[in-house]
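Trainee: What follows is a single structure, and I will ask about it in a moment.
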Amino acid sequence: MSKREFITPIGEEGIYILDTASWRAARPVMNKDKCIECGICLTMCPVNAILREGPKKYFISYDYCKGCGICAYECPKKAIDMVKEGGE
Amino acid sequence: MSYIDTIADNKDLVTPGMSACHGCGGELILRRLLKVAGPNTVICIPPGCMAGAGVVGWSFDNGLKVPVHITLLDNTAAFLSGVTNIYQRQGRTDVNMVAMAGDGATADCGFQSLSGAAERGEKMLYVCYDNEGYMNTGFQRSSTTNRGSRTSTTPVGSVIPGKPQHSKNLPYIMAMHNAEYVATASPAYMKDMIEKIEKGLAASKNGFAYLHIFSPCPTGWLHGPEVSIDVSRKAVQSDYFQLFEVDKGVWRQTVANKKPITLKEFVGPLKKYGHCSDADIAALQENIDARKSFLQKMIG
């Protein structure tokens with residue numbers, strides 16, 4: 001065990017990360033024709049997998065998305081579809 | 001700055017991949033809490049779902065980018081009292097002192113240390129995510145589990161129909177501690193929740209602040225992960241979980257429930273209440289009505 005600077009661990013260096021993307025059975029896909037860029041999906045996502053670029057441009061990052069489907073269910077315009085993983 | 005900007009622009013201080021279940025309310029609350037609190041924070045997390053999901057880490061790995069202490073199940077508030085006192089003495093009053101505990105570590109095991117810290121007015125924000133049971137170990141009953149709920153220690157059978165007792169209403173108990181700020185929040189009302197976290201952090205600089213947040217648990221309550229937020233919305237709409245705040249002794253309902261829905265609409269998708277008869281639901285409704293009239297009296 002090496003000497004540590006802090007009494008409690010601070011996870012900047014050895015951060016604990018799981019590949020939660022591998023849990024996903026269905027992936028959320030945004031339909032930008034219907035999307036009104038309101039940002040409700042971003043506020044409700046438990047994994048912070050929905051990000052924003054610029055003032056109003058929301059997109060889904062699949063790096064850690066668990067595919068829970070909250071964004072698709074909560075979208076006021078039903079602009080997110082859940083697409084089965086590994087399907088056609 | 002709207003609440004969406006707060007969530008979108010602030011840095012995510014939680015590990016991107018943690019082992020909380022699909023649609024976990026606790027994970028959502030932890031991430032939102034740290035988005036608002038920012039990097040200048042010390043957090044205490046007792047054993048429970050959030051500690052078990054990799055947030056406190058293993059063998060010097062860690063799931064957070066801020067200092068995190070894993071306390072014992074029963075001494076979270078006492079532990080953080082010590083931490084906050086040494087920070088106050090060193091003049092580092094700008095650091096946010098936050099505890100985030102489940103309902104077991106708040107209402108059952110950790111209650112005496114929580115009550116003591118609230119009475120002493122220790123400068124901290126204590127957040128309880130209430131999923132109505134010991135979910136991390138397989139949904140045993142806790143004192144915030146509501147009447148009629150199926151749990152692994154109150155199974156449904158010929159002797160008892162789920163949990164026979166009503167739940168303990170912890171936010172009311174905490175409001176009676178003369179704390180600086182006490183509030184309840186639900187993830188379905190995100191704007192309200194973010195505002196309450198901000199108010200709670202501000203109040204924690206002067207005294208004890210307590211937040212009680214409804215946390216849907218798809219794995220324990222047996223509903224689909226996608227309806228998590230919908231369940232927490234219906235909980236508020238059916239008055240099962242009321243949103244209010246007590247700011248320096250002044251009671252206020254923050255989300256007015258103008259068109260209440262029936263309790264049946266809320267318990268419908270939850271299989272933990274799947275066995276309940278109309279009489280069971282009526283008994284639960286009676287308790288909810290009593291809470292509602294108590295809140296109305298306090299608001300005055």
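Just so we're on the same page: first chain in the structure tokens is A, next is B, and so on; residues restart at 1 for each chain, and ligands are numbered from 1 in the order they show up.
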Give me the residues within 7 Å of Cys35 in chain A as a list of chain:residue names, counting only C-alpha atoms and dropping any in the same chain fewer than 2 places off.
Mentor: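 Contacts, in chain order: A:Asn31, A:Lys32, A:Asp33, A:Glu37, A:Lys77, A:Ala79.
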Trainee: Env of Asp81 in chain A: 9 Å cut, atoms = only C-alpha atoms, seq-sep filter 2 positions within chain, self excluded. Answer as a tab-separated table (two decimals) with C-alpha atoms, in the first residue's frame.
Mentor:
```tsv
chain	number	residue	atom	x	y	z
A	27	ARG	CA	-31.29	1.89	-26.45
A	28	PRO	CA	-33.04	5.24	-26.47
A	29	VAL	CA	-32.93	6.97	-29.85
A	30	MET	CA	-33.82	10.64	-30.18
A	31	ASN	CA	-36.04	11.70	-33.04
A	69	GLY	CA	-36.32	4.04	-20.54
A	72	ALA	CA	-38.59	7.83	-23.50
A	73	TYR	CA	-41.44	7.60	-21.00
A	78	LYS	CA	-42.62	11.21	-27.36
A	79	ALA	CA	-39.51	12.04	-29.36
A	83	VAL	CA	-34.83	0.36	-29.88
```
Trainee: Please, which residues of chain B lie no more than 7 Å from chain A when the count uses only C-alpha atoms, and can they be set out as a tab-separated table (two decimals) with N, CA, C and O atoms, in the first residue's frame?
Mentor:
```tsv
chain	number	residue	atom	x	y	z
B	4	ILE	N	-32.56	23.64	-15.31
B	4	ILE	CA	-32.02	22.78	-16.37
B	4	ILE	C	-30.57	23.16	-16.66
B	4	ILE	O	-29.71	22.30	-16.86
B	7	ILE	N	-28.33	21.69	-14.02
B	7	ILE	CA	-28.06	20.27	-14.22
B	7	ILE	C	-27.17	20.05	-15.44
B	7	ILE	O	-26.27	19.21	-15.42
B	8	ALA	N	-27.39	20.82	-16.50
B	8	ALA	CA	-26.65	20.59	-17.74
B	8	ALA	C	-25.21	21.07	-17.66
B	8	ALA	O	-24.31	20.44	-18.19
B	15	THR	N	-19.07	8.89	-10.37
B	15	THR	CA	-18.53	8.00	-11.39
B	15	THR	C	-19.58	7.76	-12.49
B	15	THR	O	-20.76	7.63	-12.20
B	16	PRO	N	-19.18	7.74	-13.75
B	16	PRO	CA	-20.19	7.56	-14.81
B	16	PRO	C	-20.90	6.22	-14.71
B	16	PRO	O	-22.10	6.14	-14.99
B	17	GLY	N	-20.18	5.18	-14.35
B	17	GLY	CA	-20.81	3.87	-14.30
B	17	GLY	C	-20.85	3.34	-12.88
B	17	GLY	O	-19.84	2.89	-12.36
B	18	MET	N	-22.01	3.42	-12.23
B	18	MET	CA	-22.14	2.84	-10.90
B	18	MET	C	-23.23	1.78	-10.93
B	18	MET	O	-24.10	1.79	-11.79
B	19	SER	N	-23.15	0.84	-9.98
B	19	SER	CA	-23.97	-0.36	-10.11
B	19	SER	C	-25.36	-0.23	-9.48
B	19	SER	O	-25.88	-1.19	-8.95
B	22	HIS	N	-31.43	-0.28	-12.81
B	22	HIS	CA	-32.10	0.52	-13.83
B	22	HIS	C	-33.17	1.38	-13.18
B	22	HIS	O	-33.97	0.87	-12.39
B	23	GLY	N	-33.21	2.64	-13.52
B	23	GLY	CA	-34.29	3.51	-13.04
B	23	GLY	C	-34.24	3.81	-11.56
B	23	GLY	O	-35.25	4.08	-10.94
B	24	CYS	N	-33.03	3.77	-10.97
B	24	CYS	CA	-32.89	3.95	-9.52
B	24	CYS	C	-33.11	5.41	-9.12
B	24	CYS	O	-32.49	6.31	-9.68
B	27	GLU	N	-29.85	6.90	-7.24
B	27	GLU	CA	-28.76	7.36	-8.11
B	27	GLU	C	-29.07	8.74	-8.67
B	27	GLU	O	-28.22	9.63	-8.68
B	28	LEU	N	-30.33	8.92	-9.10
B	28	LEU	CA	-30.75	10.21	-9.65
B	28	LEU	C	-30.57	11.31	-8.59
B	28	LEU	O	-30.04	12.39	-8.88
B	54	GLY	N	-21.05	1.28	-5.27
B	54	GLY	CA	-19.71	1.62	-5.73
B	54	GLY	C	-19.32	3.05	-5.50
B	54	GLY	O	-18.24	3.47	-5.89
B	57	GLY	N	-16.57	3.13	-3.09
B	57	GLY	CA	-15.43	2.49	-3.72
B	57	GLY	C	-14.84	1.34	-2.94
B	57	GLY	O	-15.23	1.06	-1.81
B	60	PHE	N	-9.25	1.68	-2.23
B	60	PHE	CA	-8.70	2.98	-2.62
B	60	PHE	C	-9.20	3.48	-3.97
B	60	PHE	O	-8.82	4.55	-4.40
B	61	ASP	N	-10.03	2.73	-4.64
B	61	ASP	CA	-10.78	3.32	-5.74
B	61	ASP	C	-11.98	4.02	-5.12
B	61	ASP	O	-12.39	3.71	-4.02
B	62	ASN	N	-12.57	4.93	-5.85
B	62	ASN	CA	-13.67	5.69	-5.27
B	62	ASN	C	-14.63	6.07	-6.37
B	62	ASN	O	-14.25	6.26	-7.51
B	63	GLY	N	-15.88	6.16	-6.00
B	63	GLY	CA	-16.89	6.48	-7.01
B	63	GLY	C	-17.24	7.95	-7.09
B	63	GLY	O	-18.07	8.33	-7.89
B	64	LEU	N	-16.65	8.77	-6.23
B	64	LEU	CA	-16.97	10.20	-6.26
B	64	LEU	C	-15.69	11.01	-6.45
B	64	LEU	O	-14.61	10.55	-6.11
B	65	LYS	N	-15.86	12.22	-6.95
B	65	LYS	CA	-14.71	13.10	-7.11
B	65	LYS	C	-14.61	14.10	-5.98
B	65	LYS	O	-13.93	15.11	-6.09
B	66	VAL	N	-15.35	13.85	-4.89
B	66	VAL	CA	-15.22	14.66	-3.68
B	66	VAL	C	-14.91	13.70	-2.53
B	66	VAL	O	-15.16	12.51	-2.65
B	67	PRO	N	-14.36	14.22	-1.40
B	67	PRO	CA	-14.10	13.32	-0.28
B	67	PRO	C	-15.38	12.67	0.23
B	67	PRO	O	-16.38	13.35	0.43
B	68	VAL	N	-15.36	11.37	0.38
B	68	VAL	CA	-16.55	10.66	0.86
B	68	VAL	C	-16.15	9.78	2.04
B	68	VAL	O	-15.12	9.12	2.01
B	69	HIS	N	-16.94	9.85	3.10
B	69	HIS	CA	-16.73	8.99	4.26
B	69	HIS	C	-17.82	7.94	4.28
B	69	HIS	O	-18.99	8.29	4.17
B	225	PRO	N	-38.69	-0.04	-14.75
B	225	PRO	CA	-37.78	1.07	-14.50
B	225	PRO	C	-38.20	2.36	-15.17
B	225	PRO	O	-37.93	3.46	-14.68
B	226	GLU	N	-38.92	2.26	-16.32
B	226	GLU	CA	-39.26	3.47	-17.06
B	226	GLU	C	-40.33	4.30	-16.35
B	226	GLU	O	-40.46	5.49	-16.61
B	227	VAL	N	-41.11	3.68	-15.43
B	227	VAL	CA	-42.17	4.44	-14.76
B	227	VAL	C	-41.72	5.02	-13.41
B	227	VAL	O	-42.53	5.58	-12.69
```
Trainee: What is the distance between CA of Gly157 in chain B and CA of Ile281 in chain B, in Å to one decimal?
Mentor: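 Those two atoms sit 17.1 Å apart.
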Trainee: I want to know what sits within 10 Å of range 45-50 of chain B, based on only C-alpha atoms, with residues of the same chain fewer than 5 positions away left out; could you give that as a ChimeraX atom specification?
Mentor: /B:18-21,24,26-27,30,55-56,68-77,80,98-106,110,127,129,131,134-137
Trainee: Could you give me, as a ChimeraX atom specification, the residues within 9 Å of range 114-123 of chain B, counting only C-alpha atoms and dropping anything in the same chain fewer than 4 positions from it?
Mentor: /B:74-78,80-81,84-85,88,97,106-107,110,174,177-180,203-210
Trainee: Write to file, as a short mmCIF file (atom, residue, chain, number, x, y, z; two decimals), in the first residue's frame, the residues of the selection just made, with N, CA and C atoms.
Mentor:
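Written out: part-v1.cif:
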```cif
data_model
loop_
_atom_site.label_atom_id
_atom_site.label_comp_id
_atom_site.auth_asym_id
_atom_site.auth_seq_id
_atom_site.Cartn_x
_atom_site.Cartn_y
_atom_site.Cartn_z
N ASP B 74 -25.42 3.64 11.94
CA ASP B 74 -26.14 4.38 12.97
C ASP B 74 -25.48 5.69 13.38
N ASN B 75 -24.35 6.07 12.81
CA ASN B 75 -23.71 7.28 13.34
C ASN B 75 -23.42 8.33 12.28
N THR B 76 -24.17 8.33 11.20
CA THR B 76 -23.87 9.26 10.10
C THR B 76 -23.87 10.71 10.59
N ALA B 77 -24.95 11.11 11.28
CA ALA B 77 -25.07 12.51 11.69
C ALA B 77 -24.04 12.84 12.77
N ALA B 78 -23.75 11.89 13.66
CA ALA B 78 -22.75 12.13 14.71
C ALA B 78 -21.37 12.29 14.09
N LEU B 80 -20.64 13.20 10.99
CA LEU B 80 -20.56 14.45 10.24
C LEU B 80 -20.53 15.66 11.17
N SER B 81 -21.11 15.54 12.36
CA SER B 81 -21.02 16.62 13.35
C SER B 81 -19.56 16.91 13.68
N THR B 84 -17.88 18.49 10.56
CA THR B 84 -18.28 19.88 10.33
C THR B 84 -17.69 20.79 11.41
N ASN B 85 -17.59 20.29 12.65
CA ASN B 85 -17.04 21.12 13.72
C ASN B 85 -15.58 21.48 13.47
N GLN B 88 -15.48 24.10 10.78
CA GLN B 88 -15.89 25.42 11.28
C GLN B 88 -14.75 26.04 12.08
N MET B 97 -21.29 20.60 3.88
CA MET B 97 -21.26 19.35 4.64
C MET B 97 -22.56 18.61 4.36
N THR B 106 -31.64 6.44 8.42
CA THR B 106 -32.14 7.72 8.92
C THR B 106 -33.21 7.52 9.98
N ALA B 107 -34.23 6.74 9.62
CA ALA B 107 -35.40 6.63 10.50
C ALA B 107 -35.25 5.53 11.55
N GLY B 110 -30.12 5.09 12.45
CA GLY B 110 -29.39 6.35 12.64
C GLY B 110 -30.20 7.42 13.31
N MET B 174 -38.80 15.55 12.07
CA MET B 174 -37.62 16.42 11.94
C MET B 174 -38.02 17.89 12.01
N HIS B 177 -37.88 19.55 15.35
CA HIS B 177 -36.57 19.70 16.01
C HIS B 177 -36.07 21.13 15.98
N ASN B 178 -36.90 22.07 15.56
CA ASN B 178 -36.47 23.46 15.41
C ASN B 178 -35.26 23.58 14.49
N ALA B 179 -35.25 22.76 13.45
CA ALA B 179 -34.13 22.82 12.51
C ALA B 179 -34.26 24.07 11.65
N GLU B 180 -33.13 24.41 11.02
CA GLU B 180 -33.10 25.61 10.19
C GLU B 180 -34.01 25.44 8.97
N ALA B 203 -29.04 26.94 4.05
CA ALA B 203 -29.43 26.87 5.46
C ALA B 203 -28.39 26.11 6.28
N SER B 204 -27.66 25.17 5.62
CA SER B 204 -26.69 24.37 6.36
C SER B 204 -25.50 25.20 6.83
N LYS B 205 -25.36 26.42 6.31
CA LYS B 205 -24.28 27.30 6.79
C LYS B 205 -24.63 27.91 8.14
N ASN B 206 -25.95 27.91 8.46
CA ASN B 206 -26.38 28.51 9.73
C ASN B 206 -26.84 27.48 10.75
N GLY B 207 -27.20 26.31 10.30
CA GLY B 207 -27.71 25.31 11.23
C GLY B 207 -28.03 24.02 10.52
N PHE B 208 -28.88 23.26 11.13
CA PHE B 208 -29.17 21.92 10.60
C PHE B 208 -30.26 21.99 9.54
N ALA B 209 -30.01 21.37 8.39
CA ALA B 209 -31.01 21.31 7.32
C ALA B 209 -31.27 19.85 6.99
N TYR B 210 -32.54 19.54 6.76
CA TYR B 210 -32.93 18.16 6.49
C TYR B 210 -33.82 18.09 5.25
#
```
